[in-house]
>>> print(open('run-v1.txt').read())   # compact mmCIF, C-alpha atoms and all ligand atoms
# COMPACT_ATOMS: atom_id res chain seq x y z
CA MET A 1 53.10 40.93 158.21
CA VAL A 2 50.79 39.88 161.02
CA LEU A 3 53.08 37.36 162.66
CA TYR A 4 56.18 39.56 162.94
CA ARG A 5 54.30 42.85 163.61
CA ASN A 6 52.18 41.39 166.42
CA PHE A 7 54.56 38.95 168.04
CA GLY A 8 58.15 39.09 166.80
CA LYS A 9 58.68 42.83 166.48
CA PRO A 10 57.37 44.00 169.88
CA PHE A 11 59.55 41.34 171.45
CA PHE A 12 62.73 41.98 169.48
CA PHE A 13 62.39 45.78 169.52
CA LYS A 14 62.41 45.79 173.35
CA MET A 15 65.77 44.04 173.32
CA ASP A 16 69.22 45.40 172.76
CA PRO A 17 69.47 45.52 168.92
CA GLU A 18 72.52 43.32 168.69
CA LYS A 19 71.11 40.62 170.97
CA ALA A 20 67.91 40.56 168.89
CA HIS A 21 70.04 40.20 165.78
CA HIS A 22 71.89 37.17 167.18
CA LEU A 23 68.57 35.60 168.18
CA VAL A 24 67.23 35.99 164.65
CA VAL A 25 70.31 34.52 162.94
CA GLY A 26 70.59 31.74 165.55
CA GLY A 27 66.87 31.01 165.39
CA LEU A 28 66.86 30.81 161.61
CA ASP A 29 69.88 28.55 161.65
CA LYS A 30 68.19 26.17 164.09
CA SER A 31 64.77 26.27 162.40
CA ALA A 32 66.30 25.42 159.03
CA THR A 33 68.43 22.55 160.27
CA VAL A 34 65.79 20.54 162.15
CA PRO A 35 64.10 17.94 159.91
CA GLY A 36 61.33 19.62 157.93
CA GLY A 37 62.43 23.03 159.21
CA SER A 38 63.35 24.55 155.85
CA ALA A 39 60.11 23.34 154.32
CA ALA A 40 58.13 24.89 157.18
CA LEU A 41 59.95 28.20 156.74
CA ARG A 42 59.28 28.11 152.99
CA LEU A 43 55.62 27.48 153.66
CA MET A 44 55.42 30.46 156.01
CA TYR A 45 57.64 32.96 154.24
CA GLY A 46 58.73 31.52 150.86
CA VAL A 47 58.08 33.24 147.56
CA PRO A 48 56.89 31.02 144.69
CA GLU A 49 59.26 31.06 141.75
CA THR A 50 57.65 32.62 138.69
CA ALA A 51 59.15 33.18 135.23
CA ASP A 52 58.49 36.95 135.34
CA LEU A 53 60.72 37.49 138.39
CA ALA A 54 63.59 35.06 137.64
CA VAL A 55 66.92 36.59 136.61
CA GLU A 56 69.93 35.04 134.84
CA LEU A 57 73.11 36.94 135.67
CA PHE A 58 76.74 36.33 136.66
CA GLY A 59 76.36 32.77 135.35
CA GLN A 60 73.75 32.17 138.06
CA HIS A 61 70.02 31.56 138.22
CA PHE A 62 68.28 33.96 140.63
CA PRO A 63 64.77 32.63 141.39
CA THR A 64 63.69 36.13 142.46
CA PRO A 65 65.44 39.54 142.18
CA VAL A 66 65.44 40.50 145.89
CA GLY A 67 68.38 39.34 147.97
CA LEU A 68 69.69 39.67 151.51
CA ALA A 69 72.37 42.38 151.78
CA ALA A 70 75.72 41.78 153.47
CA GLY A 71 76.26 42.08 157.19
CA LEU A 72 73.38 40.10 158.68
CA ASP A 73 74.89 36.65 158.18
CA LYS A 74 78.53 37.61 158.64
CA ASN A 75 79.73 34.04 159.21
CA ALA A 76 77.41 32.11 156.86
CA GLU A 77 75.64 30.57 159.86
CA ALA A 78 72.08 30.70 158.56
CA VAL A 79 72.31 30.20 154.79
CA ALA A 80 69.67 27.44 154.79
CA GLY A 81 67.30 29.63 156.82
CA PHE A 82 67.70 32.80 154.76
CA SER A 83 67.38 30.67 151.59
CA SER A 84 63.94 29.56 152.78
CA ILE A 85 62.27 32.90 153.50
CA GLY A 86 61.86 34.18 149.97
CA PHE A 87 65.23 35.70 149.12
CA GLY A 88 66.47 35.21 145.55
CA PHE A 89 70.12 35.33 146.66
CA MET A 90 72.15 36.37 149.66
CA GLU A 91 75.51 37.83 150.60
CA VAL A 92 77.47 36.38 153.49
CA GLY A 93 80.17 38.43 155.26
CA THR A 94 81.83 40.83 155.25
CA VAL A 95 84.50 38.26 156.04
CA THR A 96 88.15 39.12 156.70
CA PRO A 97 91.16 36.74 156.51
CA LYS A 98 91.50 36.50 160.29
CA GLY A 99 88.62 36.56 162.74
CA GLN A 100 88.23 39.83 164.65
CA PRO A 101 85.87 41.11 167.37
CA GLY A 102 84.80 44.37 165.68
CA ASN A 103 84.15 47.57 167.60
CA ASP A 104 83.03 47.86 171.21
CA SER A 105 79.31 47.62 172.01
CA PRO A 106 76.91 49.31 171.76
CA ARG A 107 77.48 49.45 168.03
CA LEU A 108 74.00 49.03 166.53
CA PHE A 109 71.22 51.61 166.99
CA ARG A 110 67.58 51.78 165.91
CA LEU A 111 66.32 55.13 164.66
CA LEU A 112 62.63 54.28 164.94
CA SER A 113 61.09 57.52 163.73
CA ASP A 114 63.41 57.53 160.70
CA GLU A 115 62.93 53.81 159.88
CA ALA A 116 66.69 53.54 159.89
CA LEU A 117 69.63 51.93 161.64
CA ILE A 118 73.09 53.20 162.47
CA ASN A 119 75.79 50.58 162.83
CA ARG A 120 79.48 50.67 163.59
CA MET A 121 79.99 46.92 163.85
CA GLY A 122 83.49 47.05 162.30
CA PHE A 123 83.58 43.69 160.46
CA ASN A 124 83.10 41.44 163.50
CA ASN A 125 83.50 37.95 162.06
CA GLU A 126 85.15 34.58 162.62
CA GLY A 127 87.48 34.74 159.63
CA ALA A 128 87.70 33.22 156.15
CA GLU A 129 88.59 29.65 157.19
CA ALA A 130 85.61 29.37 159.53
CA MET A 131 83.31 30.62 156.79
CA ALA A 132 84.82 28.18 154.28
CA GLU A 133 84.13 25.28 156.66
CA ARG A 134 80.49 26.34 157.08
CA LEU A 135 79.85 26.79 153.37
CA LYS A 136 81.57 23.51 152.61
CA ALA A 137 79.27 21.69 155.05
CA LEU A 138 76.11 23.06 153.38
CA LYS A 139 74.33 20.21 151.70
CA LYS A 140 72.01 21.96 149.36
CA ARG A 141 72.00 25.42 147.81
CA ARG A 142 68.68 26.90 146.81
CA ILE A 143 69.88 30.39 145.91
CA PRO A 144 73.18 31.97 144.81
CA VAL A 145 75.40 32.85 147.77
CA ALA A 146 77.81 35.74 147.31
CA VAL A 147 80.84 36.08 149.56
CA ASN A 148 81.53 39.68 150.59
CA ILE A 149 85.20 40.22 151.48
CA GLY A 150 87.12 42.90 153.38
CA ARG A 151 90.40 43.60 155.11
CA ASN A 152 91.27 43.14 158.76
CA LYS A 153 91.30 46.30 160.87
CA ALA A 154 94.99 45.77 161.70
CA THR A 155 96.02 45.55 158.03
CA ALA A 156 97.24 48.81 156.48
CA ASN A 157 95.72 49.90 153.16
CA GLU A 158 99.12 49.33 151.47
CA ALA A 159 98.77 45.61 152.26
CA ALA A 160 94.98 45.40 151.88
CA HIS A 161 95.21 43.58 148.54
CA GLU A 162 96.81 40.61 150.34
CA ASP A 163 93.81 40.38 152.69
CA TYR A 164 91.34 40.40 149.80
CA ARG A 165 93.43 37.81 147.92
CA GLN A 166 93.60 35.61 150.99
CA CYS A 167 89.80 35.66 151.33
CA ILE A 168 89.43 34.71 147.66
CA ARG A 169 91.95 31.88 148.02
CA ALA A 170 90.15 30.46 151.06
CA LEU A 171 86.62 30.87 149.72
CA TYR A 172 86.74 30.59 145.93
CA PRO A 173 85.21 27.10 145.77
CA TYR A 174 82.34 28.07 148.09
CA GLY A 175 81.06 31.43 146.85
CA ASP A 176 78.84 31.67 143.76
CA PHE A 177 80.18 35.17 143.20
CA PHE A 178 82.34 37.62 145.13
CA VAL A 179 81.98 41.18 146.37
CA VAL A 180 84.94 43.42 147.18
CA ASN A 181 83.80 45.67 150.01
CA ILE A 182 85.75 48.92 150.04
CA SER A 183 82.85 51.03 151.25
CA SER A 184 82.24 50.22 154.90
CA PRO A 185 82.59 53.41 156.97
CA ASN A 186 83.54 51.43 160.09
CA THR A 187 87.04 50.22 159.21
CA PRO A 188 89.26 53.30 159.45
CA GLY A 189 90.73 54.27 156.06
CA LEU A 190 88.89 51.55 154.10
CA ARG A 191 86.98 53.98 151.90
CA ASN A 192 90.27 55.48 150.65
CA LEU A 193 90.63 52.30 148.60
CA GLN A 194 87.79 53.58 146.41
CA HIS A 195 89.92 56.15 144.64
CA GLY A 196 92.81 56.70 142.23
CA ASN A 197 95.82 54.43 142.12
CA GLU A 198 94.86 52.63 145.30
CA LEU A 199 91.68 51.45 143.58
CA SER A 200 93.28 50.38 140.29
CA PHE A 201 96.09 48.55 142.10
CA LEU A 202 93.66 46.71 144.39
CA LEU A 203 91.38 45.71 141.52
CA ALA A 204 94.29 44.41 139.44
CA GLN A 205 95.38 42.31 142.42
CA VAL A 206 91.98 40.79 143.18
CA LYS A 207 91.37 40.17 139.50
CA GLU A 208 94.69 38.34 139.27
CA GLU A 209 93.74 36.14 142.23
CA MET A 210 90.31 35.37 140.72
CA GLU A 211 92.07 34.41 137.49
CA LEU A 212 94.50 32.11 139.33
CA GLN A 213 91.61 30.42 141.09
CA ARG A 214 89.66 30.12 137.85
CA LYS A 215 92.59 28.32 136.21
CA LYS A 216 93.02 26.07 139.22
CA SER A 217 89.37 25.07 139.47
CA GLY A 218 88.28 25.38 135.85
CA ILE A 219 85.28 27.41 137.07
CA SER A 220 84.78 31.07 136.30
CA LYS A 221 83.14 33.27 138.97
CA SER A 222 82.02 36.89 138.92
CA LEU A 223 83.61 39.69 140.90
CA LEU A 224 81.68 42.78 142.00
CA VAL A 225 82.61 45.90 143.95
CA LYS A 226 80.39 47.52 146.58
CA ILE A 227 80.60 51.30 146.71
CA ALA A 228 79.68 54.06 149.16
CA PRO A 229 77.00 56.70 148.57
CA ASP A 230 79.13 59.51 150.01
CA ILE A 231 81.01 60.51 146.87
CA SER A 232 80.88 63.42 144.46
CA ASP A 233 79.67 63.04 140.87
CA THR A 234 83.24 63.27 139.57
CA GLU A 235 84.49 60.69 142.06
CA LEU A 236 81.69 58.34 141.03
CA GLU A 237 82.50 58.84 137.35
CA ASP A 238 86.20 58.11 137.94
CA MET A 239 85.39 55.08 140.05
CA VAL A 240 82.99 53.59 137.50
CA HIS A 241 85.58 54.19 134.77
CA THR A 242 88.26 52.37 136.81
CA LEU A 243 85.92 49.47 137.65
CA THR A 244 85.02 49.07 133.98
CA GLU A 245 88.64 49.24 132.83
CA ALA A 246 89.61 46.67 135.48
CA GLY A 247 87.04 44.23 134.08
CA MET A 248 84.76 44.04 137.10
CA ASP A 249 81.53 42.11 136.50
CA GLY A 250 79.21 44.36 138.47
CA ILE A 251 78.72 47.08 141.07
CA ILE A 252 76.70 47.01 144.29
CA ALA A 253 75.29 50.47 144.97
CA THR A 254 75.31 51.36 147.78
CA ASN A 255 76.66 50.71 151.25
CA THR A 256 75.52 52.77 154.28
CA THR A 257 75.93 56.55 154.47
CA LEU A 258 77.68 59.01 156.80
CA ASN A 259 75.13 61.68 155.87
CA ARG A 260 72.73 62.61 158.68
CA GLU A 261 70.49 65.16 156.94
CA GLY A 262 66.84 65.31 157.92
CA LEU A 263 66.90 62.74 160.73
CA LYS A 264 64.47 63.03 163.64
CA SER A 265 65.74 60.37 166.05
CA LEU A 266 67.84 61.13 169.10
CA GLN A 267 70.38 58.51 168.07
CA ALA A 268 71.13 60.39 164.82
CA GLY A 269 74.39 61.58 166.36
CA GLU A 270 75.83 58.08 166.79
CA ALA A 271 78.93 57.37 164.72
CA GLY A 272 78.66 54.76 161.99
CA GLY A 273 76.85 53.95 158.77
CA LEU A 274 73.20 54.90 158.34
CA SER A 275 70.88 52.48 156.51
CA GLY A 276 67.16 52.33 155.77
CA LYS A 277 64.64 54.87 154.48
CA PRO A 278 66.88 58.00 154.59
CA LEU A 279 69.38 56.28 152.26
CA ARG A 280 66.84 55.24 149.64
CA ASP A 281 66.87 58.09 147.14
CA ARG A 282 70.61 58.74 147.26
CA SER A 283 71.28 55.11 146.46
CA THR A 284 68.77 55.17 143.57
CA ASP A 285 70.46 58.30 142.15
CA ILE A 286 73.83 56.55 142.19
CA ILE A 287 72.35 53.52 140.39
CA ARG A 288 70.91 55.88 137.76
CA SER A 289 74.28 57.58 137.22
CA ILE A 290 76.16 54.30 136.86
CA TYR A 291 73.63 52.96 134.36
CA ARG A 292 73.79 56.18 132.35
CA GLN A 293 77.59 56.25 132.30
CA THR A 294 77.97 52.60 131.30
CA GLY A 295 75.04 52.52 128.88
CA GLY A 296 73.59 49.71 130.95
CA LYS A 297 76.55 47.44 130.23
CA MET A 298 77.72 47.12 133.84
CA PRO A 299 75.26 45.06 135.92
CA ILE A 300 74.19 46.81 139.11
CA ILE A 301 72.80 45.39 142.35
CA GLY A 302 70.79 48.06 144.15
CA SER A 303 70.96 48.38 147.93
CA GLY A 304 69.70 51.09 150.27
CA GLY A 305 66.36 51.84 151.87
CA ILE A 306 64.15 49.36 150.02
CA PHE A 307 60.99 48.71 152.09
CA THR A 308 58.29 48.36 149.42
CA SER A 309 57.86 46.96 145.93
CA GLN A 310 57.81 50.53 144.59
CA ASP A 311 61.21 51.18 146.24
CA ALA A 312 62.61 48.05 144.57
CA TYR A 313 60.98 48.89 141.24
CA ASP A 314 62.40 52.44 141.29
CA LYS A 315 65.91 51.02 141.60
CA ILE A 316 65.26 48.47 138.86
CA ARG A 317 63.93 51.12 136.45
CA ALA A 318 66.92 53.31 137.34
CA GLY A 319 69.22 50.46 136.28
CA ALA A 320 69.53 47.75 138.92
CA SER A 321 69.31 44.14 137.67
CA LEU A 322 68.89 42.83 141.23
CA VAL A 323 68.25 44.49 144.59
CA GLU A 324 68.93 43.66 148.22
CA ILE A 325 67.50 44.54 151.60
CA TYR A 326 68.68 44.58 155.20
CA THR A 327 67.00 47.28 157.33
CA ALA A 328 63.48 46.50 156.04
CA LEU A 329 63.89 42.92 157.20
CA ILE A 330 64.60 44.19 160.73
CA TYR A 331 61.62 46.58 160.70
CA GLU A 332 59.07 44.47 158.86
CA GLY A 333 60.18 40.88 159.40
CA PRO A 334 60.47 38.10 156.83
CA GLU A 335 56.92 38.75 155.58
CA VAL A 336 58.36 41.72 153.72
CA ASN A 337 59.65 39.46 150.94
CA ARG A 338 56.20 38.22 149.89
CA LYS A 339 54.89 41.76 149.94
CA ILE A 340 57.72 43.12 147.78
CA HIS A 341 57.56 40.25 145.29
CA ALA A 342 53.77 40.35 144.88
CA GLY A 343 53.91 44.12 144.35
CA LEU A 344 56.74 43.83 141.85
CA ARG A 345 54.74 41.39 139.72
CA GLN A 346 51.83 43.83 139.67
CA LEU A 347 54.07 46.74 138.68
CA LEU A 348 55.59 44.68 135.87
CA ARG A 349 52.16 43.74 134.54
CA ARG A 350 50.93 47.33 134.81
CA ASP A 351 53.84 48.54 132.68
CA GLY A 352 53.60 45.68 130.17
CA PHE A 353 56.88 43.91 131.00
CA ARG A 354 56.96 40.13 130.67
CA ASN A 355 60.08 39.75 132.79
CA ILE A 356 61.89 41.87 135.34
CA SER A 357 64.90 42.11 132.99
CA GLU A 358 62.81 44.17 130.56
CA ALA A 359 62.26 46.76 133.29
CA VAL A 360 65.97 47.15 134.12
CA GLY A 361 66.97 50.71 133.18
CA ALA A 362 63.52 51.43 131.70
CA ASP A 363 63.71 55.04 132.92
CA HIS A 364 66.56 55.65 130.47
CA HIS A 365 64.80 54.42 127.33
C1 LIG B 1 74.02 46.17 161.10
C2 LIG B 1 74.51 46.26 159.69
C3 LIG B 1 75.70 45.63 159.34
C4 LIG B 1 76.18 45.71 158.03
N1 LIG B 1 77.33 45.05 157.70
C5 LIG B 1 77.77 45.09 156.42
C6 LIG B 1 78.93 44.36 156.05
O1 LIG B 1 79.53 43.66 156.85
N2 LIG B 1 79.34 44.46 154.76
C7 LIG B 1 78.67 45.20 153.82
O2 LIG B 1 79.09 45.23 152.65
N3 LIG B 1 77.56 45.89 154.15
C8 LIG B 1 77.10 45.84 155.41
N4 LIG B 1 75.96 46.53 155.75
C9 LIG B 1 75.26 47.34 154.71
C10 LIG B 1 74.10 46.57 154.07
O3 LIG B 1 74.59 45.44 153.39
C11 LIG B 1 73.32 47.46 153.08
O4 LIG B 1 74.13 47.75 151.98
C12 LIG B 1 72.86 48.76 153.70
O5 LIG B 1 72.37 48.53 155.00
C13 LIG B 1 71.77 49.45 152.88
O6 LIG B 1 70.62 48.64 152.72
P1 LIG B 1 69.31 48.77 153.68
O7 LIG B 1 68.93 50.22 153.70
O8 LIG B 1 68.31 47.88 153.02
O9 LIG B 1 69.70 48.28 155.01
C14 LIG B 1 75.46 46.46 157.05
C15 LIG B 1 74.26 47.10 157.42
C16 LIG B 1 73.78 47.01 158.71
C17 LIG B 1 72.49 47.70 159.07
>>> encode(input="run-v1.txt", output="structure tokens")
Amino acid sequence: MVLYRNFGKPFFFKMDPEKAHHLVVGGLDKSATVPGGSAALRLMYGVPETADLAVELFGQHFPTPVGLAAGLDKNAEAVAGFSSIGFGFMEVGTVTPKGQPGNDSPRLFRLLSDEALINRMGFNNEGAEAMAERLKALKKRRIPVAVNIGRNKATANEAAHEDYRQCIRALYPYGDFFVVNISSPNTPGLRNLQHGNELSFLLAQVKEEMELQRKKSGISKSLLVKIAPDISDTELEDMVHTLTEAGMDGIIATNTTLNREGLKSLQAGEAGGLSGKPLRDRSTDIIRSIYRQTGGKMPIIGSGGIFTSQDAYDKIRAGASLVEIYTALIYEGPEVNRKIHAGLRQLLRRDGFRNISEAVGADHH
């Protein structure tokens, strides 16, 4: 923690949040691509692979269960870098078919006293073709890379399925698995796709495209859906039922929240999605409900407010097979991965589990 706390954080936290963000992604990209750069990053921040933390899921080998959540590497610019700082997998995107600028700045806010962020980025990205080129040029993959897909702002919900299909067509060969993002609060109307006929129609469409691509390539890839935390119990139940019926391979729970309860920071009134500590327990509750409803048969990736090994472990015991972080990386720096992984191994040993998979859903047994 020393390096980032004492040097990186004071420097980055004085800057405009979005500029700091670009520096981090750009810096990681450069560090990893100079000769010996990835090895140096692994030496500084890597997490040794151990049998107790490795996970086999979605036809992939995850060296560790903690991944990088979507939205930090929107264009797959720093895959080599993020793969070298201890993550067990990462999501790139959200990517849309066409590039788009996203919302006007400022659009990213730090809520220091709440250990949270509010963002209203609005899917700023360079588009599916640009991402495909970058992923194609990657020489070596160390961890599974999931492609998180969305619709362009200018596309109406009625035509959204075409956007998702187009992303799958452009990126199928390059993603190890895919995530349908219908839960960002920053693309007007997007969250309506989470319900009723709109949801079942969209899922049937993306599933059909995945199937076409599977036949074409001879390679089968998993398809997950990322959901919002701002839903009622009945809505969640209906959604999980529809996702199961549609043959989805997993659920990512959850995206950022619109809820602002209990915040202390002045910026709490900013529009956008809230991430970090205040989201933690809500997201764990949703994981617990999904696991209960599906009897543990639907794999879950937990996301929301994980800062410590206990936070990650709580989500795993509630039913998550893997977890991901974003806000903690901004607050604590890349050292956070070693801390979380070391703590997780201790918690597993304490509770008598030989492998992380034995702890998944343990609260229910
Ligand atoms: C600045 C920012 C941008 C994000 N962009 C995306 C995105 O493009 N797609 C997505 O699915 N989630 C996005 N997220 C949500 C994160 O992937 C994650 O689900 C959420 O922040 C909760 O995890 P955390 O509390 O560890 O940050 C974004 C989050 C932040 C803070």
>>> residues_near_ligand(input="run-v1.txt", ligand="ligand LIG 1 (chain B)", cutoff="7 Å", atoms="only C-alpha atoms and all ligand atoms", output="NGL selection string")
:A and (69-72 or 74 or 93-94 or 108 or 117-119 or 121 or 123 or 148 or 181 or 184 or 226 or 254-256 or 275-277 or 279-280 or 303-306 or 324-328)
>>> residues_around(input="run-v1.txt", residues="Phe82 of chain A", least_positions_apart="5", cutoff="9 Å", atoms="all atoms listed in the file", output="NGL selection string")
:A and (25 or 28-29 or 32 or 68 or 73 or 87 or 89-90)
>>> write_last_selection(input="run-v1.txt", atoms="C-alpha atoms", output="PDB file, keeping the file's coordinate frame")
ATOM      1  CA  VAL A  25      70.310  34.520 162.940  1.00  0.00           C
ATOM      2  CA  LEU A  28      66.860  30.810 161.610  1.00  0.00           C
ATOM      3  CA  ASP A  29      69.880  28.550 161.650  1.00  0.00           C
ATOM      4  CA  ALA A  32      66.300  25.420 159.030  1.00  0.00           C
ATOM      5  CA  LEU A  68      69.690  39.670 151.510  1.00  0.00           C
ATOM      6  CA  ASP A  73      74.890  36.650 158.180  1.00  0.00           C
ATOM      7  CA  PHE A  87      65.230  35.700 149.120  1.00  0.00           C
ATOM      8  CA  PHE A  89      70.120  35.330 146.660  1.00  0.00           C
ATOM      9  CA  MET A  90      72.150  36.370 149.660  1.00  0.00           C
TER      10      MET A  90
END
>>> closest_residue(input="run-v1.txt", among="A:Gly122, A:Pro188, A:Gly88, A:Gly26", to="Leu53 of chain A", atoms="only C-alpha atoms")
A:Gly88
>>> residues_near_point(input="run-v1.txt", point="(61.8, 40.3, 145.9)", cutoff="6 Å", atoms="all atoms listed in the file", output="NGL selection string")
:A and (64-66 or 337 or 340-341)
>>> atom_distance(input="run-v1.txt", atom1="atom CA of Val47 of chain A", atom2="atom CA of Leu322 of chain A")
15.8 Å
>>> closest_residue(input="run-v1.txt", among="A:Ser200, A:Gln205, A:Gln100, A:Thr257", to="Ile227 of chain A", atoms="only C-alpha atoms")
A:Thr257
>>> residues_around(input="run-v1.txt", residues="Lys139 of chain A", least_positions_apart="6", cutoff="12 Å", atoms="only C-alpha atoms", output="list in words")
Thr33, Val79, Ala80 and Tyr174 of chain A
>>> closest_atom_pairs(input="run-v1.txt", of="segment 158-213 of chain A", to="segment 244-253 of chain A", cutoff="10 Å", atoms="all atoms listed in the file", output="JSON lines")
{"residue": "A:Phe177", "atom": "CA", "partner": "A:Asp249", "partner_atom": "CA", "distance": 9.7}
{"residue": "A:Phe178", "atom": "CA", "partner": "A:Asp249", "partner_atom": "CA", "distance": 9.8}
{"residue": "A:Val179", "atom": "CA", "partner": "A:Ile252", "partner_atom": "CA", "distance": 8.1}
{"residue": "A:Val180", "atom": "CA", "partner": "A:Ile252", "partner_atom": "CA", "distance": 9.4}
{"residue": "A:Asn181", "atom": "CA", "partner": "A:Ile252", "partner_atom": "CA", "distance": 9.2}
{"residue": "A:Ser183", "atom": "CA", "partner": "A:Ala253", "partner_atom": "CA", "distance": 9.8}
{"residue": "A:Leu199", "atom": "CA", "partner": "A:Ala246", "partner_atom": "CA", "distance": 9.6}
{"residue": "A:Ser200", "atom": "CA", "partner": "A:Ala246", "partner_atom": "CA", "distance": 7.1}
{"residue": "A:Phe201", "atom": "CA", "partner": "A:Ala246", "partner_atom": "CA", "distance": 9.5}
{"residue": "A:Leu202", "atom": "CA", "partner": "A:Ala246", "partner_atom": "CA", "distance": 9.8}
{"residue": "A:Leu203", "atom": "CA", "partner": "A:Ala246", "partner_atom": "CA", "distance": 6.4}
{"residue": "A:Ala204", "atom": "CA", "partner": "A:Ala246", "partner_atom": "CA", "distance": 6.5}
{"residue": "A:Val206", "atom": "CA", "partner": "A:Ala246", "partner_atom": "CA", "distance": 10.0}
{"residue": "A:Lys207", "atom": "CA", "partner": "A:Ala246", "partner_atom": "CA", "distance": 7.8}
>>> closest_residue(input="run-v1.txt", among="A:Ile85, A:Ala170, A:Leu41, A:Val240", to="Ile143 of chain A", atoms="only C-alpha atoms")
A:Ile85
>>> decode(input="run-v1.txt", residues="segment 255-274 of chain A", atoms="N, CA and C atoms", output="JSON list (two decimals), in the first residue's frame")
[["chain", "number", "residue", "atom", "x", "y", "z"],
["A", 255, "ASN", "N", -24.24, -3.41, -10.97],
["A", 255, "ASN", "CA", -23.72, -2.15, -11.49],
["A", 255, "ASN", "C", -23.85, -1.07, -10.40],
["A", 256, "THR", "N", -23.60, 0.17, -10.74],
["A", 256, "THR", "CA", -23.68, 1.29, -9.79],
["A", 256, "THR", "C", -25.14, 1.58, -9.41],
["A", 257, "THR", "N", -25.31, 2.37, -8.33],
["A", 257, "THR", "CA", -26.66, 2.65, -7.85],
["A", 257, "THR", "C", -27.05, 4.12, -7.99],
["A", 258, "LEU", "N", -28.37, 4.34, -8.05],
["A", 258, "LEU", "CA", -28.91, 5.71, -8.05],
["A", 258, "LEU", "C", -29.25, 6.15, -6.63],
["A", 259, "ASN", "N", -29.23, 5.20, -5.71],
["A", 259, "ASN", "CA", -29.55, 5.49, -4.31],
["A", 259, "ASN", "C", -28.49, 6.41, -3.69],
["A", 260, "ARG", "N", -28.91, 7.36, -2.88],
["A", 260, "ARG", "CA", -27.96, 8.29, -2.27],
["A", 260, "ARG", "C", -28.07, 8.31, -0.75],
["A", 261, "GLU", "N", -28.72, 7.31, -0.17],
["A", 261, "GLU", "CA", -28.93, 7.28, 1.28],
["A", 261, "GLU", "C", -27.62, 7.28, 2.06],
["A", 262, "GLY", "N", -27.60, 8.09, 3.12],
["A", 262, "GLY", "CA", -26.50, 8.02, 4.09],
["A", 262, "GLY", "C", -25.18, 8.63, 3.64],
["A", 263, "LEU", "N", -25.16, 9.37, 2.55],
["A", 263, "LEU", "CA", -23.88, 9.92, 2.08],
["A", 263, "LEU", "C", -23.54, 11.21, 2.82],
["A", 264, "LYS", "N", -22.23, 11.42, 3.02],
["A", 264, "LYS", "CA", -21.78, 12.61, 3.75],
["A", 264, "LYS", "C", -21.19, 13.67, 2.80],
["A", 265, "SER", "N", -20.71, 13.25, 1.65],
["A", 265, "SER", "CA", -19.95, 14.17, 0.79],
["A", 265, "SER", "C", -20.84, 15.20, 0.11],
["A", 266, "LEU", "N", -20.24, 16.35, -0.15],
["A", 266, "LEU", "CA", -20.96, 17.43, -0.83],
["A", 266, "LEU", "C", -21.41, 17.04, -2.22],
["A", 267, "GLN", "N", -20.60, 16.20, -2.87],
["A", 267, "GLN", "CA", -20.90, 15.82, -4.26],
["A", 267, "GLN", "C", -22.02, 14.78, -4.37],
["A", 268, "ALA", "N", -22.61, 14.39, -3.24],
["A", 268, "ALA", "CA", -23.65, 13.35, -3.24],
["A", 268, "ALA", "C", -24.80, 13.68, -4.18],
["A", 269, "GLY", "N", -25.00, 14.97, -4.45],
["A", 269, "GLY", "CA", -26.12, 15.38, -5.29],
["A", 269, "GLY", "C", -25.85, 15.29, -6.78],
["A", 270, "GLU", "N", -24.63, 14.93, -7.16],
["A", 270, "GLU", "CA", -24.32, 14.81, -8.60],
["A", 270, "GLU", "C", -25.13, 13.68, -9.22],
["A", 271, "ALA", "N", -25.55, 13.88, -10.45],
["A", 271, "ALA", "CA", -26.29, 12.82, -11.15],
["A", 271, "ALA", "C", -25.32, 11.75, -11.60],
["A", 272, "GLY", "N", -25.79, 10.51, -11.64],
["A", 272, "GLY", "CA", -24.96, 9.42, -12.14],
["A", 272, "GLY", "C", -25.04, 8.19, -11.26],
["A", 273, "GLY", "N", -24.15, 7.26, -11.50],
["A", 273, "GLY", "CA", -24.14, 6.00, -10.75],
["A", 273, "GLY", "C", -23.12, 6.07, -9.63],
["A", 274, "LEU", "N", -23.55, 5.64, -8.45],
["A", 274, "LEU", "CA", -22.68, 5.65, -7.26],
["A", 274, "LEU", "C", -22.03, 4.27, -7.10]]
